[in-house]
$ cat structure-v6.csv   # CSV, C-alpha atoms
chain,number,residue,atom,x,y,z
A,3,MET,CA,-32.5,-26.2,-35.0
A,4,PRO,CA,-33.5,-24.1,-38.0
A,5,THR,CA,-31.2,-23.9,-41.0
A,6,VAL,CA,-31.0,-20.7,-43.0
A,7,ILE,CA,-29.7,-20.9,-46.5
A,8,ILE,CA,-28.5,-17.5,-47.7
A,9,ASN,CA,-27.2,-16.0,-51.0
A,10,ILE,CA,-29.4,-18.1,-53.3
A,11,LYS,CA,-29.1,-16.7,-56.8
A,12,GLN,CA,-32.6,-17.9,-57.8
A,13,LEU,CA,-35.1,-19.7,-55.6
A,14,VAL,CA,-37.3,-21.4,-58.2
A,15,ASN,CA,-41.0,-22.4,-58.1
A,16,VAL,CA,-42.0,-20.5,-55.0
A,17,ARG,CA,-45.7,-21.0,-54.5
A,18,GLU,CA,-48.1,-20.0,-51.7
A,19,GLU,CA,-50.6,-22.7,-52.6
A,20,ASN,CA,-50.9,-25.8,-54.8
A,21,LYS,CA,-52.4,-25.7,-58.2
A,22,LEU,CA,-52.3,-28.2,-61.1
A,23,LEU,CA,-51.0,-26.1,-64.0
A,24,ARG,CA,-52.6,-26.0,-67.5
A,25,GLY,CA,-52.2,-23.9,-70.6
A,26,LYS,CA,-50.4,-20.6,-70.2
A,27,ASP,CA,-50.1,-21.2,-66.4
A,28,LEU,CA,-47.5,-23.9,-67.2
A,29,ALA,CA,-45.1,-21.2,-68.3
A,30,GLU,CA,-45.5,-19.2,-65.2
A,31,LEU,CA,-42.6,-20.0,-62.8
A,32,PRO,CA,-42.4,-17.9,-59.7
A,33,ILE,CA,-38.8,-17.1,-58.7
A,34,ILE,CA,-37.2,-15.0,-56.0
A,35,ASN,CA,-33.9,-13.6,-57.0
A,36,ASN,CA,-31.1,-13.2,-54.4
A,37,ALA,CA,-33.0,-15.2,-51.8
A,38,PHE,CA,-32.8,-16.9,-48.5
A,39,LEU,CA,-34.6,-20.1,-47.4
A,40,VAL,CA,-35.3,-21.4,-43.9
A,41,ILE,CA,-35.7,-25.1,-43.1
A,42,GLU,CA,-36.7,-26.7,-39.8
A,43,ASP,CA,-37.3,-30.4,-39.0
A,44,GLY,CA,-36.9,-31.2,-42.6
A,45,LEU,CA,-39.6,-28.8,-43.8
A,46,ILE,CA,-39.6,-25.4,-45.5
A,47,VAL,CA,-40.7,-22.8,-43.0
A,48,ASP,CA,-39.8,-19.4,-44.6
A,49,TYR,CA,-38.1,-17.7,-47.5
A,50,GLY,CA,-37.6,-14.2,-48.8
A,51,CYS,CA,-35.2,-11.7,-50.4
A,52,MET,CA,-31.7,-11.4,-49.1
A,53,GLU,CA,-32.3,-7.6,-48.7
A,54,GLU,CA,-34.8,-8.5,-46.0
A,55,TYR,CA,-32.3,-10.8,-44.4
A,56,THR,CA,-29.3,-8.4,-44.5
A,57,THR,CA,-31.2,-5.4,-43.3
A,58,GLY,CA,-32.3,-7.2,-40.1
A,59,ASN,CA,-36.0,-7.2,-41.1
A,60,SER,CA,-36.2,-11.0,-40.9
A,61,GLN,CA,-36.5,-12.9,-37.6
A,62,TRP,CA,-33.8,-15.2,-38.9
A,63,THR,CA,-31.1,-12.5,-39.1
A,64,ILE,CA,-30.8,-12.3,-35.3
A,65,ASN,CA,-31.7,-15.9,-34.6
A,66,ASP,CA,-28.5,-17.2,-32.9
A,67,LYS,CA,-29.9,-20.7,-32.7
A,68,ALA,CA,-30.1,-21.0,-36.5
A,69,GLU,CA,-27.4,-22.7,-38.6
A,70,THR,CA,-26.4,-20.8,-41.7
A,71,ILE,CA,-25.5,-22.3,-45.0
A,72,ASP,CA,-24.1,-20.0,-47.8
A,73,ALA,CA,-25.4,-21.1,-51.1
A,74,ALA,CA,-22.8,-19.0,-52.8
A,75,GLY,CA,-24.9,-18.1,-55.7
A,76,ALA,CA,-26.4,-21.5,-56.4
A,77,THR,CA,-29.9,-21.8,-57.9
A,78,ILE,CA,-32.2,-23.8,-55.8
A,79,LEU,CA,-35.3,-25.6,-57.1
A,80,PRO,CA,-37.5,-28.4,-55.7
A,81,THR,CA,-36.5,-31.9,-56.5
A,82,TYR,CA,-38.0,-33.7,-59.4
A,83,CYS,CA,-41.0,-36.0,-59.0
A,84,ASP,CA,-40.6,-39.0,-61.3
A,85,SER,CA,-44.1,-40.4,-61.6
A,86,HIS,CA,-43.5,-43.3,-64.0
A,87,THR,CA,-40.6,-45.8,-63.6
A,88,HIS,CA,-39.9,-49.5,-63.7
A,89,ILE,CA,-36.7,-49.6,-61.7
A,90,VAL,CA,-37.3,-53.1,-60.1
A,91,PHE,CA,-35.7,-55.3,-62.8
A,92,ALA,CA,-33.2,-58.0,-62.9
A,93,ALA,CA,-30.9,-57.2,-65.8
A,94,SER,CA,-30.2,-54.7,-68.6
A,95,ARG,CA,-31.1,-55.4,-72.2
A,96,GLU,CA,-28.3,-53.9,-74.3
A,97,ASN,CA,-28.5,-56.8,-76.7
A,98,GLU,CA,-31.9,-55.5,-77.8
A,99,PHE,CA,-30.4,-52.0,-78.1
A,100,VAL,CA,-28.2,-53.6,-80.8
A,101,ASP,CA,-31.2,-55.2,-82.4
A,102,LYS,CA,-32.8,-51.8,-82.7
A,103,ILE,CA,-29.7,-50.4,-84.3
A,104,ASN,CA,-29.9,-53.3,-86.8
A,105,GLY,CA,-33.5,-52.3,-87.7
A,106,LEU,CA,-35.8,-54.3,-85.5
A,107,SER,CA,-38.8,-52.5,-84.1
A,108,TYR,CA,-40.2,-52.6,-80.6
A,109,ALA,CA,-42.9,-54.8,-81.8
A,110,ASP,CA,-40.5,-57.1,-83.7
A,111,ILE,CA,-38.4,-57.6,-80.6
A,112,ALA,CA,-41.5,-58.3,-78.5
A,113,ALA,CA,-42.8,-60.8,-81.1
A,114,LYS,CA,-39.6,-62.9,-80.8
A,115,GLY,CA,-39.8,-63.2,-77.0
A,116,GLY,CA,-37.7,-60.1,-76.2
A,117,GLY,CA,-38.8,-56.9,-74.5
A,118,ILE,CA,-41.0,-57.3,-71.5
A,119,LEU,CA,-41.0,-61.1,-71.7
A,120,ASN,CA,-37.2,-61.0,-71.7
A,121,SER,CA,-37.2,-59.0,-68.4
A,122,ALA,CA,-39.9,-61.3,-67.0
A,123,ALA,CA,-37.8,-64.4,-67.6
A,124,LYS,CA,-34.7,-62.9,-66.0
A,125,LEU,CA,-36.7,-61.6,-63.0
A,126,ALA,CA,-38.2,-65.0,-62.3
A,127,ASN,CA,-34.7,-66.4,-61.7
A,128,THR,CA,-33.7,-63.5,-59.4
A,129,SER,CA,-34.3,-63.5,-55.6
A,130,GLU,CA,-36.3,-60.8,-53.9
A,131,ASN,CA,-33.2,-59.8,-51.9
A,132,ASP,CA,-31.1,-59.4,-55.0
A,133,LEU,CA,-33.9,-57.4,-56.7
A,134,PHE,CA,-34.1,-55.1,-53.7
A,135,ASP,CA,-30.4,-54.5,-53.6
A,136,MET,CA,-30.3,-53.6,-57.3
A,137,ALA,CA,-33.4,-51.3,-57.0
A,138,TYR,CA,-32.1,-49.7,-53.9
A,139,ASN,CA,-28.8,-48.8,-55.6
A,140,ARG,CA,-30.7,-47.3,-58.6
A,141,LEU,CA,-32.8,-45.3,-56.2
A,142,GLN,CA,-29.7,-43.8,-54.5
A,143,GLN,CA,-28.3,-42.8,-57.9
A,144,LEU,CA,-31.6,-41.2,-58.9
A,145,MET,CA,-31.6,-39.1,-55.8
A,146,GLN,CA,-28.1,-37.8,-56.7
A,147,LEU,CA,-29.6,-36.8,-60.1
A,148,GLY,CA,-32.3,-34.7,-58.3
A,149,THR,CA,-35.2,-37.1,-57.9
A,150,GLY,CA,-37.1,-36.5,-54.7
A,151,ALA,CA,-40.1,-38.7,-55.1
A,152,ILE,CA,-40.7,-41.7,-57.3
A,153,GLU,CA,-43.4,-44.1,-58.6
A,154,ILE,CA,-42.4,-47.6,-59.3
A,155,LYS,CA,-44.4,-50.2,-61.4
A,156,SER,CA,-44.4,-53.9,-61.3
A,157,GLY,CA,-45.0,-55.7,-64.6
A,158,TYR,CA,-41.9,-57.8,-65.1
A,159,GLY,CA,-43.4,-60.6,-63.1
A,160,LEU,CA,-46.3,-61.7,-65.2
A,161,SER,CA,-47.3,-64.4,-62.6
A,162,LEU,CA,-48.8,-64.3,-59.2
A,163,GLU,CA,-45.5,-65.2,-57.5
A,164,ASN,CA,-43.3,-62.8,-59.4
A,165,GLU,CA,-45.7,-59.8,-59.5
A,166,LEU,CA,-45.9,-60.1,-55.7
A,167,LYS,CA,-42.2,-60.4,-55.5
A,168,ILE,CA,-41.7,-57.1,-57.3
A,169,LEU,CA,-44.4,-55.3,-55.2
A,170,ARG,CA,-42.8,-56.6,-52.0
A,171,VAL,CA,-39.5,-55.1,-53.1
A,172,ILE,CA,-41.2,-51.8,-53.7
A,173,LYS,CA,-42.8,-52.0,-50.3
A,174,ARG,CA,-39.4,-52.5,-48.8
A,175,LEU,CA,-38.1,-49.5,-50.7
A,176,LYS,CA,-41.0,-47.5,-49.3
A,177,ASP,CA,-40.0,-48.5,-45.8
A,178,VAL,CA,-36.3,-47.6,-46.1
A,179,SER,CA,-36.3,-44.8,-48.6
A,180,LEU,CA,-35.7,-41.1,-47.6
A,181,ILE,CA,-38.0,-40.1,-50.4
A,182,PRO,CA,-41.7,-40.9,-51.0
A,183,VAL,CA,-42.2,-44.0,-53.1
A,184,LYS,CA,-45.5,-45.0,-54.8
A,185,ALA,CA,-46.3,-48.5,-56.0
A,186,THR,CA,-48.2,-49.4,-59.1
A,187,PHE,CA,-49.5,-52.9,-60.0
A,188,LEU,CA,-48.9,-53.5,-63.8
A,189,GLY,CA,-49.6,-57.2,-64.1
A,190,ALA,CA,-51.3,-56.3,-67.4
A,191,HIS,CA,-47.9,-55.3,-69.0
A,192,ALA,CA,-47.8,-58.2,-71.5
A,193,PHE,CA,-49.3,-61.7,-71.9
A,194,PRO,CA,-47.0,-64.5,-70.7
A,195,ILE,CA,-45.9,-67.0,-73.4
A,196,ALA,CA,-48.0,-69.7,-71.7
A,197,TYR,CA,-51.1,-67.6,-72.2
A,198,LYS,CA,-50.5,-66.4,-75.7
A,199,GLU,CA,-53.5,-68.4,-76.9
A,200,ASN,CA,-55.5,-68.1,-73.7
A,201,LYS,CA,-55.5,-64.4,-73.0
A,202,GLN,CA,-58.7,-64.5,-70.9
A,203,GLY,CA,-57.0,-67.1,-68.7
A,204,TYR,CA,-54.3,-64.6,-67.8
A,205,ILE,CA,-56.8,-61.9,-67.2
A,206,ASP,CA,-58.7,-64.2,-64.9
A,207,ILE,CA,-55.4,-64.7,-62.9
A,208,ILE,CA,-54.9,-60.9,-62.7
A,209,ILE,CA,-58.5,-60.3,-61.4
A,210,ASN,CA,-59.1,-63.4,-59.3
A,211,GLU,CA,-55.6,-64.1,-57.9
A,212,MET,CA,-53.2,-61.1,-58.2
A,213,ILE,CA,-55.5,-58.2,-57.2
A,214,PRO,CA,-56.9,-60.0,-54.1
A,215,ALA,CA,-53.4,-60.9,-52.9
A,216,ILE,CA,-52.1,-57.4,-53.5
A,217,ALA,CA,-55.1,-55.9,-51.6
A,218,LYS,CA,-54.6,-58.3,-48.7
A,219,GLU,CA,-50.9,-57.2,-48.3
A,220,ASN,CA,-51.6,-53.6,-49.2
A,221,LEU,CA,-48.9,-53.7,-51.8
A,222,ALA,CA,-50.0,-51.1,-54.4
A,223,ASP,CA,-51.4,-47.6,-54.6
A,224,TYR,CA,-52.4,-47.8,-58.3
A,225,ILE,CA,-53.3,-50.2,-61.1
A,226,ASP,CA,-52.0,-49.8,-64.6
A,227,ALA,CA,-52.3,-51.6,-67.9
A,228,PHE,CA,-50.5,-51.5,-71.3
A,229,CYS,CA,-53.4,-50.7,-73.5
A,230,GLU,CA,-52.0,-51.2,-77.0
A,231,GLU,CA,-52.4,-53.3,-80.1
A,232,GLY,CA,-50.8,-56.6,-79.5
A,233,PHE,CA,-51.0,-56.1,-75.7
A,234,PHE,CA,-54.2,-55.3,-73.8
A,235,SER,CA,-57.3,-54.2,-75.7
A,236,ILE,CA,-59.6,-51.4,-74.5
A,237,GLN,CA,-62.2,-53.9,-73.3
A,238,GLN,CA,-59.5,-56.0,-71.4
A,239,THR,CA,-58.0,-52.9,-69.9
A,240,GLU,CA,-61.3,-51.6,-68.7
A,241,THR,CA,-62.1,-55.0,-67.1
A,242,ILE,CA,-58.8,-55.1,-65.3
A,243,CYS,CA,-58.9,-51.5,-64.2
A,244,ASN,CA,-62.4,-51.9,-62.8
A,245,ALA,CA,-61.3,-54.9,-60.8
A,246,GLY,CA,-58.5,-52.7,-59.4
A,247,ILE,CA,-60.9,-49.9,-58.6
A,248,ALA,CA,-63.1,-52.4,-56.7
A,249,ALA,CA,-60.0,-53.3,-54.6
A,250,GLY,CA,-59.3,-49.7,-53.7
A,251,LEU,CA,-56.6,-48.9,-56.4
A,252,LYS,CA,-56.6,-45.8,-58.5
A,253,VAL,CA,-56.0,-46.1,-62.2
A,254,LYS,CA,-53.1,-45.2,-64.4
A,255,ILE,CA,-52.9,-46.4,-68.0
A,256,HIS,CA,-50.0,-46.8,-70.5
A,257,ALA,CA,-51.9,-45.1,-73.4
A,258,ASN,CA,-51.3,-44.3,-77.0
A,259,GLN,CA,-47.6,-45.2,-77.2
A,260,LEU,CA,-47.7,-47.2,-80.5
A,261,SER,CA,-51.1,-46.3,-81.9
A,262,SER,CA,-54.2,-44.2,-81.1
A,263,THR,CA,-56.3,-46.8,-79.4
A,264,GLY,CA,-58.9,-44.9,-77.4
A,265,ALA,CA,-56.9,-45.6,-74.2
A,266,VAL,CA,-56.8,-41.9,-73.3
A,267,GLN,CA,-60.6,-41.7,-73.5
A,268,LEU,CA,-60.9,-44.8,-71.4
A,269,GLY,CA,-58.6,-43.3,-68.8
A,270,VAL,CA,-60.8,-40.2,-68.6
A,271,LYS,CA,-63.9,-42.4,-68.3
A,272,LEU,CA,-62.3,-44.3,-65.4
A,273,ASN,CA,-61.1,-41.0,-63.8
A,274,ALA,CA,-57.5,-42.2,-64.1
A,275,LEU,CA,-54.9,-40.2,-62.1
A,276,SER,CA,-52.8,-40.2,-65.3
A,277,VAL,CA,-52.5,-41.6,-68.8
A,278,ASP,CA,-48.9,-42.0,-69.7
A,279,HIS,CA,-46.8,-42.0,-73.0
A,280,LEU,CA,-49.2,-40.3,-75.5
A,281,GLU,CA,-46.9,-40.4,-78.5
A,282,MET,CA,-49.9,-41.0,-80.8
A,283,MET,CA,-52.6,-38.5,-80.0
A,284,ASP,CA,-55.5,-37.5,-82.3
A,285,ASP,CA,-57.8,-34.5,-81.8
A,286,ASP,CA,-60.4,-36.6,-80.0
A,287,ALA,CA,-57.9,-37.9,-77.5
A,288,ILE,CA,-56.5,-34.4,-76.9
A,289,ASN,CA,-59.9,-32.9,-76.4
A,290,SER,CA,-60.9,-35.7,-74.0
A,291,LEU,CA,-57.8,-35.2,-71.9
A,292,ALA,CA,-58.2,-31.4,-71.9
A,293,SER,CA,-61.7,-31.6,-70.5
A,294,SER,CA,-60.8,-34.0,-67.7
A,295,ASN,CA,-58.9,-34.1,-64.4
A,296,THR,CA,-56.6,-36.8,-65.7
A,297,ILE,CA,-53.0,-35.8,-66.1
A,298,GLY,CA,-51.1,-36.6,-69.3
A,299,THR,CA,-47.6,-37.9,-68.4
A,300,LEU,CA,-45.2,-37.5,-71.2
A,301,LEU,CA,-42.1,-39.9,-71.4
A,302,PRO,CA,-39.9,-38.3,-74.2
A,303,THR,CA,-36.8,-40.3,-73.4
A,304,ALA,CA,-38.7,-43.5,-74.4
A,305,ALA,CA,-39.5,-41.9,-77.7
A,306,PHE,CA,-35.9,-40.8,-78.0
A,307,PHE,CA,-34.5,-44.3,-77.3
A,308,LEU,CA,-37.0,-46.0,-79.6
A,309,ARG,CA,-36.7,-43.4,-82.4
A,310,MET,CA,-40.4,-42.8,-82.3
A,311,ASP,CA,-42.4,-39.6,-82.8
A,312,TYR,CA,-42.4,-37.4,-79.7
A,313,GLN,CA,-45.5,-36.5,-77.8
A,314,PRO,CA,-47.3,-33.4,-79.2
A,315,ALA,CA,-46.6,-31.3,-76.2
A,316,ARG,CA,-47.4,-27.9,-77.7
A,317,LYS,CA,-50.8,-29.2,-78.9
A,318,LEU,CA,-51.6,-30.7,-75.5
A,319,ILE,CA,-50.6,-27.5,-73.6
A,320,GLU,CA,-52.5,-25.2,-76.0
A,321,ALA,CA,-55.6,-27.4,-75.7
A,322,GLY,CA,-55.5,-27.0,-71.9
A,323,CYS,CA,-54.3,-30.5,-70.9
A,324,ALA,CA,-52.6,-30.9,-67.6
A,325,ILE,CA,-49.2,-32.5,-68.4
A,326,ALA,CA,-46.3,-33.9,-66.4
A,327,LEU,CA,-42.9,-35.3,-67.4
A,328,ALA,CA,-41.3,-38.5,-66.2
A,329,THR,CA,-38.4,-40.8,-67.2
A,330,ASP,CA,-40.1,-44.2,-67.8
A,331,TYR,CA,-36.8,-45.6,-66.4
A,332,ASN,CA,-36.7,-49.3,-67.5
A,333,PRO,CA,-34.2,-51.7,-69.1
A,334,GLY,CA,-35.7,-51.9,-72.5
A,335,SER,CA,-37.0,-48.6,-73.8
A,336,SER,CA,-35.7,-45.9,-71.5
A,337,PRO,CA,-32.6,-47.0,-69.5
A,338,SER,CA,-32.1,-43.7,-67.8
A,339,GLY,CA,-33.6,-42.0,-64.8
A,340,ASN,CA,-32.1,-38.6,-65.5
A,341,MET,CA,-34.9,-36.1,-65.2
A,342,ASN,CA,-32.8,-33.1,-66.4
A,343,PHE,CA,-32.2,-35.0,-69.6
A,344,VAL,CA,-36.0,-35.6,-69.9
A,345,ASN,CA,-36.4,-31.8,-69.5
A,346,ALA,CA,-33.8,-31.1,-72.1
A,347,ILE,CA,-35.3,-33.5,-74.6
A,348,SER,CA,-38.7,-31.9,-73.9
A,349,CYS,CA,-37.3,-28.4,-74.8
A,350,ILE,CA,-35.3,-29.6,-77.8
A,351,GLN,CA,-37.7,-32.0,-79.4
A,352,MET,CA,-41.1,-31.0,-78.1
A,353,LYS,CA,-40.5,-27.2,-78.0
A,354,MET,CA,-41.5,-26.8,-74.4
A,355,LEU,CA,-40.1,-23.8,-72.6
A,356,PRO,CA,-37.6,-24.2,-69.7
A,357,GLU,CA,-40.3,-22.8,-67.3
A,358,GLU,CA,-42.8,-25.4,-68.6
A,359,VAL,CA,-40.5,-28.3,-68.2
A,360,ILE,CA,-39.6,-27.4,-64.6
A,361,ASN,CA,-43.3,-27.0,-63.7
A,362,ALA,CA,-44.1,-30.3,-65.5
A,363,SER,CA,-41.4,-32.2,-63.7
A,364,THR,CA,-42.0,-30.7,-60.3
A,365,ILE,CA,-45.5,-29.5,-59.2
A,366,ASN,CA,-47.5,-31.2,-62.0
A,367,ALA,CA,-45.5,-34.4,-61.6
A,368,ALA,CA,-46.2,-34.3,-57.9
A,369,TYR,CA,-49.9,-34.2,-58.7
A,370,ALA,CA,-49.4,-37.2,-61.0
A,371,MET,CA,-48.3,-39.3,-58.0
A,372,GLU,CA,-50.4,-37.6,-55.3
A,373,VAL,CA,-47.5,-36.0,-53.3
A,374,GLU,CA,-48.4,-32.4,-54.2
A,375,ASN,CA,-49.0,-31.6,-50.5
A,376,GLU,CA,-45.4,-32.7,-49.7
A,377,LEU,CA,-43.3,-31.8,-52.7
A,378,GLY,CA,-43.2,-30.1,-56.1
A,379,SER,CA,-42.7,-26.5,-55.1
A,380,ILE,CA,-41.0,-24.2,-52.6
A,381,THR,CA,-43.9,-23.8,-50.3
A,382,LYS,CA,-44.1,-23.4,-46.5
A,383,GLY,CA,-44.8,-26.8,-44.9
A,384,LYS,CA,-43.5,-28.9,-47.7
A,385,LYS,CA,-40.5,-31.2,-47.5
A,386,ALA,CA,-37.1,-29.6,-47.9
A,387,ASN,CA,-36.2,-31.8,-50.9
A,388,LEU,CA,-34.0,-29.4,-52.9
A,389,ILE,CA,-31.6,-29.3,-55.8
A,390,PHE,CA,-28.6,-27.0,-55.5
A,391,THR,CA,-27.1,-26.2,-58.9
A,392,LYS,CA,-23.6,-25.4,-59.8
A,393,PRO,CA,-23.2,-21.8,-61.0
A,394,ILE,CA,-25.5,-21.2,-64.0
A,395,ALA,CA,-26.3,-18.1,-65.9
A,396,SER,CA,-30.0,-18.7,-66.0
A,397,LEU,CA,-32.6,-21.5,-65.6
A,398,ALA,CA,-32.5,-22.1,-69.4
A,399,TYR,CA,-28.9,-23.3,-69.0
A,400,LEU,CA,-30.1,-26.5,-67.3
A,401,PRO,CA,-31.9,-28.0,-70.4
A,402,TYR,CA,-29.5,-26.1,-72.8
A,403,SER,CA,-26.4,-27.8,-71.5
A,404,PHE,CA,-28.0,-31.2,-71.5
A,405,GLY,CA,-24.8,-33.2,-71.4
A,406,THR,CA,-23.3,-31.6,-68.3
A,407,ASN,CA,-24.2,-32.5,-64.7
A,408,LEU,CA,-25.1,-29.1,-63.3
A,409,ILE,CA,-26.3,-30.5,-59.9
A,410,ASP,CA,-23.9,-29.5,-57.1
A,411,LYS,CA,-25.7,-31.3,-54.3
A,412,VAL,CA,-29.2,-32.6,-53.3
A,413,MET,CA,-31.0,-32.1,-50.1
A,414,ILE,CA,-33.6,-34.6,-48.9
A,415,ASN,CA,-35.7,-33.8,-45.8
A,416,GLY,CA,-33.4,-30.9,-45.0
A,417,GLU,CA,-30.2,-33.0,-45.1
A,418,PHE,CA,-27.6,-33.3,-47.9
A,419,VAL,CA,-27.3,-36.7,-49.4
$ encode --input "structure-v6.csv" --output "structure tokens"
Amino acid sequence: MPTVIINIKQLVNVREENKLLRGKDLAELPIINNAFLVIEDGLIVDYGCMEEYTTGNSQWTINDKAETIDAAGATILPTYCDSHTHIVFAASRENEFVDKINGLSYADIAAKGGGILNSAAKLANTSENDLFDMAYNRLQQLMQLGTGAIEIKSGYGLSLENELKILRVIKRLKDVSLIPVKATFLGAHAFPIAYKENKQGYIDIIINEMIPAIAKENLADYIDAFCEEGFFSIQQTETICNAGIAAGLKVKIHANQLSSTGAVQLGVKLNALSVDHLEMMDDDAINSLASSNTIGTLLPTAAFFLRMDYQPARKLIEAGCAIALATDYNPGSSPSGNMNFVNAISCIQMKMLPEEVINASTINAAYAMEVENELGSITKGKKANLIFTKPIASLAYLPYSFGTNLIDKVMINGEFV
């Protein structure tokens, strides 16, 4: 039975066709004021102005088989697509939060066995079922915060057994989740302590053991690597990514978070779907990204939490780069999956416009995880994954009032959750 939603104050990001947005286009956000929206079988089938509906010029006005929902002046926008998370983890790391307050850097914490290695040690002692239960609960919370699609990375395993354990959890989440879930293999997240003096030995395990096992069980969509000083070099990252490509995985790269390494240019060379982080961008990296089909995914809450420089969003936009926004939800450097807070930080600290952040966290983010044909905009035939706001004066109020939960309810596949 069709469902007609009436009296929508603003229907946001209404698009007839998909387009990855760059430059000035990122600030163009199509909106229908005083709108109605029609959903059937979990999909968007029609929309328009309320005047069309109330004057009887819409087929839905006289459709006595349609259920009617009064939005009562709510703003409706497509759910967020969070294209970079690490939500399968065993324990929080608030002790390291205190270490940071006391002056230790991200690199300092990693050097003493904290950070990624800390999460890996805790995950190794946690069962697959327990990991699944924790990740499933996090996913339900994220949906309530407006996330309607998510990418999840491994990387806290750092061994064949434990990387497979994480990816199997993600596969189980795919099977039961109401929203699309994408899986990324990030075995190249850090070097295990046992391989600190034998880095090639660990790389050999990634290439010769992990990737074949992952391909056999079809456990991942993408391959990723933390290309950074003290982690994986350009040459090591390229070798690992090429092995993933040979196994049918597309490339994503953790790039330029702590230093300008050339990882962005490598991502472009490998036709990566996205390069993520981008806090440290020089002109060559920006120009390389702008001239490519690779998406730059910005993770400003990681920079916020680590007290690092924010990504140069305005330079990236003005250069013509395609950018997306994501949370980097993880226990060490971004322990939050709140996409509206990501958008607020992007406006406040990176000087992005409200229209830009909504496009970057919906349609462009959908492209960054290859769900643009299902989600990311109000488009006929796409999933009815929708955010209903509480009464707001304007769209700008969402990032402006960053500490208030302005989501009234969330609809997934045409049903409220």
$ closest_atom_pairs --input "structure-v6.csv" --of "range 358-400 of chain A" --to "range 273-296 of chain A" --cutoff "10 Å" --atoms "all atoms listed in the file" --output "CSV"
residue,atom,partner,partner_atom,distance
A:Tyr369,CA,A:Leu275,CA,8.5
A:Ala370,CA,A:Ser276,CA,6.2
A:Met371,CA,A:Leu275,CA,7.8
A:Glu372,CA,A:Leu275,CA,8.6
$ residues_around --input "structure-v6.csv" --residues "Gly159 in chain A" --least-positions-apart "3" --cutoff "6 Å" --atoms "all atoms listed in the file" --output "list in words"
Ala122, Asn164 and Glu165 of chain A
$ closest_residue --input "structure-v6.csv" --among "A:Asn361, A:Gln146, A:Asn104, A:Ser121" --to "Phe418 in chain A" --atoms "all atoms listed in the file"
A:Gln146
$ atom_distance --input "structure-v6.csv" --atom1 "CA of Ala305 in chain A" --atom2 "CA of Gly405 in chain A"
18.2 Å
$ residues_around --input "structure-v6.csv" --residues "Cys83 in chain A" --least-positions-apart "5" --cutoff "7 Å" --atoms "only C-alpha atoms" --output "JSON, numbers by chain"
{"A": [149, 150, 151, 152, 363, 364, 367, 368, 378]}
$ residues_around --input "structure-v6.csv" --residues "Arg309 in chain A" --least-positions-apart "6" --cutoff "12 Å" --atoms "all atoms listed in the file" --output "list of chain:residue names"
A:Phe99, A:Lys102, A:Ile103, A:Gly105, A:Leu106, A:Ser107, A:Tyr108, A:Leu260, A:Glu281, A:Pro302, A:Thr303, A:Ser335, A:Ser336, A:Gln351
$ residues_near_point --input "structure-v6.csv" --point "(-36.1, -59.8, -72.4)" --cutoff "10 Å" --atoms "all atoms listed in the file" --output "mmCIF file with C-alpha atoms, keeping the file's coordinate frame"
data_model
loop_
_atom_site.group_PDB
_atom_site.id
_atom_site.type_symbol
_atom_site.label_atom_id
_atom_site.label_comp_id
_atom_site.auth_asym_id
_atom_site.auth_seq_id
_atom_site.Cartn_x
_atom_site.Cartn_y
_atom_site.Cartn_z
ATOM 1 C CA ALA A 93 -30.900 -57.200 -65.800
ATOM 2 C CA SER A 94 -30.200 -54.700 -68.600
ATOM 3 C CA ARG A 95 -31.100 -55.400 -72.200
ATOM 4 C CA GLU A 96 -28.300 -53.900 -74.300
ATOM 5 C CA ASN A 97 -28.500 -56.800 -76.700
ATOM 6 C CA GLU A 98 -31.900 -55.500 -77.800
ATOM 7 C CA ILE A 111 -38.400 -57.600 -80.600
ATOM 8 C CA ALA A 112 -41.500 -58.300 -78.500
ATOM 9 C CA LYS A 114 -39.600 -62.900 -80.800
ATOM 10 C CA GLY A 115 -39.800 -63.200 -77.000
ATOM 11 C CA GLY A 116 -37.700 -60.100 -76.200
ATOM 12 C CA GLY A 117 -38.800 -56.900 -74.500
ATOM 13 C CA ILE A 118 -41.000 -57.300 -71.500
ATOM 14 C CA LEU A 119 -41.000 -61.100 -71.700
ATOM 15 C CA ASN A 120 -37.200 -61.000 -71.700
ATOM 16 C CA SER A 121 -37.200 -59.000 -68.400
ATOM 17 C CA ALA A 122 -39.900 -61.300 -67.000
ATOM 18 C CA ALA A 123 -37.800 -64.400 -67.600
ATOM 19 C CA LYS A 124 -34.700 -62.900 -66.000
ATOM 20 C CA LEU A 125 -36.700 -61.600 -63.000
ATOM 21 C CA TYR A 158 -41.900 -57.800 -65.100
ATOM 22 C CA PRO A 333 -34.200 -51.700 -69.100
ATOM 23 C CA GLY A 334 -35.700 -51.900 -72.500
#
$ closest_atom_pairs --input "structure-v6.csv" --of "range 251-301 of chain A" --to "range 210-223 of chain A" --cutoff "10 Å" --atoms "all atoms listed in the file" --output "CSV"
residue,atom,partner,partner_atom,distance
A:Leu251,CA,A:Asp223,CA,5.7
A:Lys252,CA,A:Asp223,CA,6.7
A:Val253,CA,A:Asp223,CA,9.0
$ atom_distance --input "structure-v6.csv" --atom1 "CA of Lys385 in chain A" --atom2 "CA of Glu18 in chain A"
14.2 Å
$ closest_residue --input "structure-v6.csv" --among "A:Lys353, A:Lys173, A:Lys201, A:Arg17" --to "Glu30 in chain A" --atoms "all atoms listed in the file"
A:Arg17
$ closest_residue --input "structure-v6.csv" --among "A:Met352, A:Val14, A:Leu147, A:Val178" --to "Val412 in chain A" --atoms "only C-alpha atoms"
A:Leu147
$ residues_around --input "structure-v6.csv" --residues "Ala326 in chain A" --least-positions-apart "6" --cutoff "7 Å" --atoms "all atoms listed in the file" --output "MDAnalysis selection string"
chainID A and resid 297:300 362:363 366:367
